[in-house]
Structure formats: structure tokens, C-alpha cells
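Participant: As input, take query.cif (mmCIF, C-alpha atoms):
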data_input
loop_
_atom_site.label_atom_id
_atom_site.label_comp_id
_atom_site.auth_asym_id
_atom_site.auth_seq_id
_atom_site.Cartn_x
_atom_site.Cartn_y
_atom_site.Cartn_z
CA MET A 22 122.01 141.88 124.43
CA ASN A 23 122.12 142.72 128.08
CA LYS A 24 123.30 145.96 129.62
CA ASP A 25 126.69 144.58 130.81
CA ARG A 26 127.66 143.41 127.32
CA LYS A 27 126.76 146.78 125.83
CA ILE A 28 128.94 148.52 128.40
CA LEU A 29 131.81 146.11 127.69
CA LEU A 30 131.47 146.68 123.93
CA VAL A 31 131.53 150.45 124.41
CA ILE A 32 134.58 150.16 126.67
CA LEU A 33 136.27 147.86 124.11
CA PHE A 34 135.49 150.29 121.30
CA PHE A 35 136.95 153.27 123.17
CA SER A 36 140.00 151.32 124.33
CA ILE A 37 140.74 150.29 120.72
CA LEU A 38 140.19 153.88 119.60
CA ILE A 39 142.58 155.19 122.27
CA SER A 40 145.16 152.51 121.41
CA PHE A 41 145.10 153.40 117.72
CA SER A 42 145.35 157.08 118.59
CA ALA A 43 148.37 156.44 120.78
CA ILE A 44 150.05 154.33 118.08
CA ASN A 45 149.32 157.02 115.50
CA MET A 46 150.82 159.70 117.76
CA VAL A 47 153.99 157.63 118.23
CA ILE A 48 154.33 157.05 114.48
CA LEU A 49 153.70 160.72 113.66
CA ASN A 50 156.18 161.83 116.32
CA ASP A 51 158.81 159.51 114.84
CA ARG A 52 158.18 160.85 111.32
CA ASN A 53 158.31 164.41 112.59
CA SER A 54 161.65 163.84 114.30
CA ARG A 55 163.07 162.18 111.16
CA ASN A 56 161.87 165.09 109.03
CA SER A 57 163.42 167.58 111.45
CA THR A 58 166.70 165.66 111.32
CA ASN A 59 166.61 165.60 107.50
CA ILE A 60 165.87 169.33 107.33
CA ALA A 61 168.74 170.12 109.69
CA MET A 62 171.10 167.90 107.65
CA LEU A 63 170.05 169.55 104.37
CA GLU A 64 170.46 173.03 105.83
CA ASN A 65 173.94 172.04 107.03
CA GLN A 66 174.86 170.75 103.57
CA TYR A 67 173.43 173.88 101.95
CA THR A 68 175.67 176.13 104.04
CA ARG A 69 178.70 174.05 102.98
CA LEU A 70 178.09 174.77 99.29
CA PRO A 71 180.61 176.98 97.53
CA GLY A 72 179.67 180.56 98.21
CA GLY A 73 178.40 179.72 101.68
CA GLY A 74 174.95 178.74 100.49
CA SER A 75 174.27 182.17 99.11
CA ARG A 76 171.13 182.84 97.16
CA ILE A 77 171.04 182.74 93.39
CA SER A 78 171.64 186.17 91.88
CA GLY A 79 168.97 187.90 89.86
CA ASP A 80 171.02 187.68 86.66
CA THR A 81 171.54 183.96 87.06
CA LEU A 82 167.87 183.47 87.80
CA SER A 83 166.81 185.46 84.73
CA ARG A 84 169.26 183.50 82.53
CA MET A 85 167.81 180.27 83.89
CA ARG A 86 164.28 181.47 83.14
CA ASN A 87 165.32 182.43 79.60
CA LEU A 88 166.88 179.00 79.08
CA LEU A 89 163.72 177.35 80.36
CA GLU A 90 161.59 179.44 77.99
CA GLU A 91 163.88 178.52 75.07
CA GLU A 92 163.56 174.86 76.00
CA LYS A 93 159.76 175.14 76.22
CA GLN A 94 159.72 176.59 72.69
CA ARG A 95 161.21 173.34 71.37
CA TYR A 96 158.06 171.46 72.44
CA PHE A 97 154.75 171.69 70.65
CA ALA A 98 151.74 173.49 72.12
CA PRO A 99 148.35 171.73 71.98
CA ASP A 100 147.15 173.96 69.13
CA GLU A 101 150.26 173.11 67.06
CA ARG A 102 149.67 169.35 67.06
CA ASP A 103 148.05 168.35 63.78
CA PRO A 104 148.65 164.82 62.45
CA TYR A 105 148.00 165.87 58.86
CA LYS A 106 150.45 168.75 59.01
CA LEU A 107 153.14 166.52 60.54
CA GLY A 108 152.48 163.83 57.95
CA ILE A 109 152.81 166.31 55.09
CA GLU A 110 156.04 167.75 56.57
CA ILE A 111 157.60 164.32 57.06
CA LEU A 112 156.54 163.12 53.61
CA ALA A 113 158.01 166.28 51.99
CA MET A 114 161.30 165.82 53.85
CA VAL A 115 161.44 162.12 52.96
CA GLU A 116 160.76 162.78 49.28
CA LYS A 117 163.34 165.58 49.24
CA ARG A 118 165.99 163.05 50.32
CA GLY A 119 164.88 160.39 47.84
CA ILE A 120 163.58 157.99 50.47
CA LYS A 121 160.94 155.52 49.31
CA VAL A 122 157.89 155.28 51.58
CA LEU A 123 156.65 151.68 51.68
CA GLN A 124 153.86 152.22 54.20
CA TYR A 125 152.42 155.18 56.09
CA LYS A 126 149.65 155.20 58.67
CA THR A 127 148.25 157.26 61.52
CA MET A 128 147.89 155.63 64.93
CA ASP A 129 145.55 157.17 67.51
CA GLN A 130 146.62 156.83 71.12
CA LYS A 131 145.15 158.12 74.35
CA GLU A 132 147.93 160.71 74.77
CA GLY A 133 147.76 161.83 71.14
CA PHE A 134 148.68 160.28 67.83
CA LEU A 135 151.68 158.76 66.14
CA LEU A 136 152.57 158.43 62.49
CA GLU A 137 154.17 155.17 61.44
CA PHE A 138 156.45 155.11 58.42
CA SER A 139 158.05 152.13 56.75
CA VAL A 140 160.76 153.30 54.37
CA SER A 141 163.68 152.10 52.31
CA ALA A 142 166.63 154.28 51.38
CA LYS A 143 170.34 154.67 51.11
CA ALA A 144 171.88 155.12 54.54
CA VAL A 145 173.19 158.60 53.79
CA SER A 146 169.78 159.83 52.67
CA PHE A 147 168.05 158.30 55.68
CA PHE A 148 170.37 159.81 58.27
CA THR A 149 170.39 163.16 56.47
CA PHE A 150 166.59 163.14 56.80
CA TRP A 151 166.95 162.79 60.60
CA GLN A 152 169.53 165.55 60.66
CA ASP A 153 167.13 167.81 58.74
CA LEU A 154 164.29 166.96 61.09
CA TYR A 155 166.25 167.79 64.23
CA SER A 156 167.81 170.92 62.75
CA LYS A 157 164.32 172.44 62.81
CA GLY A 158 164.84 173.00 66.55
CA LYS A 159 161.74 171.11 67.69
CA TYR A 160 161.38 167.94 69.75
CA TYR A 161 159.53 164.88 68.53
CA THR A 162 158.62 161.68 70.29
CA ILE A 163 159.85 158.49 68.63
CA PRO A 164 158.70 155.51 70.70
CA TYR A 165 159.52 152.92 68.05
CA PHE A 166 162.50 152.82 65.70
CA SER A 167 163.74 149.80 63.75
CA ILE A 168 166.47 149.69 61.09
CA LYS A 169 167.41 146.72 58.95
CA ASN A 170 170.52 146.63 56.78
CA GLU A 171 169.71 145.62 53.21
CA SER A 172 172.01 144.90 50.26
CA ASP A 173 171.02 148.13 48.47
CA GLY A 174 170.70 150.39 51.55
CA LEU A 175 168.47 150.02 54.52
CA SER A 176 164.85 149.61 55.46
CA ALA A 177 163.38 151.22 58.53
CA THR A 178 160.15 151.50 60.44
CA PHE A 179 159.60 154.32 62.89
CA ARG A 180 156.75 155.96 64.76
CA ILE A 181 156.87 159.69 65.29
CA GLY A 182 154.69 162.26 67.00
CA TYR A 183 154.89 165.71 68.51
CA ALA A 184 156.70 166.06 71.84
CA ALA A 185 154.52 167.99 74.26
CA TYR A 186 155.68 170.05 77.19
CA GLU A 187 154.08 168.61 80.33
#
As C-alpha cells, what does this structure read like?
Facilitator:
Amino acid sequence: MNKDRKILLVILFFSILISFSAINMVILNDRNSRNSTNIAMLENQYTRLPGGGSRISGDTLSRMRNLLEEEKQRYFAPDERDPYKLGIEILAMVEKRGIKVLQYKTMDQKEGFLLEFSVSAKAVSFFTFWQDLYSKGKYYTIPYFSIKNESDGLSATFRIGYAAYE
């Protein structure tokens, strides 16, 4: 390659670099002006709120924190998640209500585990079981739930696991 071509390539490289820099500056300036406009609009809306956009009082903030803590308590901590313990609890509750377990298995998943139950029962017993489960004050994840009406009650298949606070 001769000297003139090298100089032209260097000039081309720097001209492309300067062009991209200029385009980037224009785009960033446009985004900055849009963000400034959005901030001004949000501040304007905030001042129009009832109370003139006043700050949240300490009492309200502490009540909100207490509510959040109560809500967190409904989820299961990592050390509370035991598939065997959950299985035993569910089986005891099911048997207490006279529900017949047709099939029961543990399913491992990347985010944890699920227990799958196939049951048959009278409708009242089945729905009382769910009421008992949720009256414990804890959250569970139920990604699959199927109910079929039968002549002598119902049959259902459901997967259940611990709900975790993320």
C-alpha cells in the first residue's frame, strides 16, 4: 500500500469516528432534553397532588413499613422450604378432610420444587381443604390446577410449592 492510500484510510477512519461522535452527541442531547421535559412534567404533577405534594409523614411511613414486613412474613424464607415437610402437611390436611389421594409426586424445577397431587373428593371437602390451607396465613405457588366434575364428587390435579419473597 502506498503512502497516499494510508493517509486516505487514516483520514476516512477519523472522519467516520467524528461523524459517529457527532451523531451520538445529537442523540444523547435529544434524550437529555426529553428526560428533562419528563422530569419537569412529573414534578408539576407531583405538586398538583392533594396536599400540595407534601412528603409522607413518619407515621404513615412506619405503618407502610409494618405492612410490608407483615406481607413478607406470608412468604417462605429459603431455610423454611422443605419439600418433605410441605408434603407431610398437605397430606395431613387432605386426610383430615377425607380426600382420597390418587397420585402424589415431587417435581424438581430450577427455581425450586413442586408437589403434584391428583385427588378425588366431595366438593365441600376439597374446597374446605383450600380454605384451611390459606387460613394458615402463608402464600403458596400453584402453577397448575385442574378440576373435573365427577358423578360422585370431583377429581383434581394441582401442583403446589412454597411462594418465595423475591
Participant: For CA of Leu136 in chain A and CA of Glu90 in chain A, determine how far apart the two atoms are, in Å to one decimal place.
Facilitator: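 Going from CA of Leu136 in chain A over to CA of Glu90 in chain A covers 27.6 Å.
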Participant: Run through the PyMOL selection byres ((chain A and resi 153) around 12) on the given coordinates and return the selected residues as a list in words.
Facilitator: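 Applying the PyMOL selection byres ((chain A and resi 153) around 12) to the structure shown produces Glu110, Ile111, Ala113, Met114, Val115, Lys117, Arg118, Ser146, Phe147, Phe148, Thr149, Phe150, Trp151, Gln152, Leu154, Tyr155, Ser156, Lys157, Gly158 and Lys159 of chain A.
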Participant: Step by step, work through what the PyMOL selection byres ((chain A and resi 170) around 12) selects in the shown file, and finish by giving those residues as a ChimeraX atom specification.
Facilitator: /A:141-144,147,167-169,171-177
Participant: Could you tell me how far CA of Gly182 in chain A lies from CA of Glu101 in chain A, in Å and to one decimal?
Facilitator: 11.7 Å
Participant: Name every residue that the PyMOL selection byres ((chain A and resi 162) around 8) selects in this structure, writing the answer as a list of chain:residue names with chains first and numbers rising.
Facilitator: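 Expected selection for the PyMOL selection byres ((chain A and resi 162) around 8) here is A:Tyr160, A:Tyr161, A:Ile163, A:Pro164, A:Ile181, A:Gly182, A:Tyr183, A:Ala184.
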Participant: Go through A:Ser139, A:Tyr186, A:Met46, A:Asn53 one by one, measure the shortest atom-to-atom distance of each to Lys121 in chain A using all atoms listed in the file, and give the residue with the smallest value.
Facilitator: A:Ser139
Participant: Enter the distance from CA of Asp25 in chain A to CA of Ile37 in chain A, in Å, rounded to one decimal.
Facilitator: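 Atom-to-atom, CA of Asp25 in chain A to CA of Ile37 in chain A, that is 18.2 Å.
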Participant: To box range 103-116 of chain A, take all atoms listed in the file, fit an axis-aligned box, add 8 Å on each side, and give centre and edge lengths in Å to one decimal, as lines of an AutoDock Vina configuration file.
Facilitator:
center_x = 154.7
center_y = 165.4
center_z = 56.5
size_x = 29.4
size_y = 22.6
size_z = 30.5
Participant: Could you check the closest approach to Gln124 in chain A for each of A:Phe179, A:Glu92, A:Leu82, A:Phe166 and tell me which residue wins, using only C-alpha atoms?
Facilitator: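 Once distances to Gln124 in chain A are computed over only C-alpha atoms, the minimum belongs to A:Phe179.
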Participant: Between A:Ser40, A:Thr127, A:Asn65, A:Asn87, single out the one closest to Tyr105 in chain A, counting only C-alpha atoms.
Facilitator: A:Thr127
Participant: For a quick check of understanding, using all atoms listed in the file, which of A:Ser42, A:Ala185, A:Lys106, A:Arg52 has the smallest distance to Gly133 in chain A?
Facilitator: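 Closest to Gly133 in chain A of all the choices is A:Ala185.
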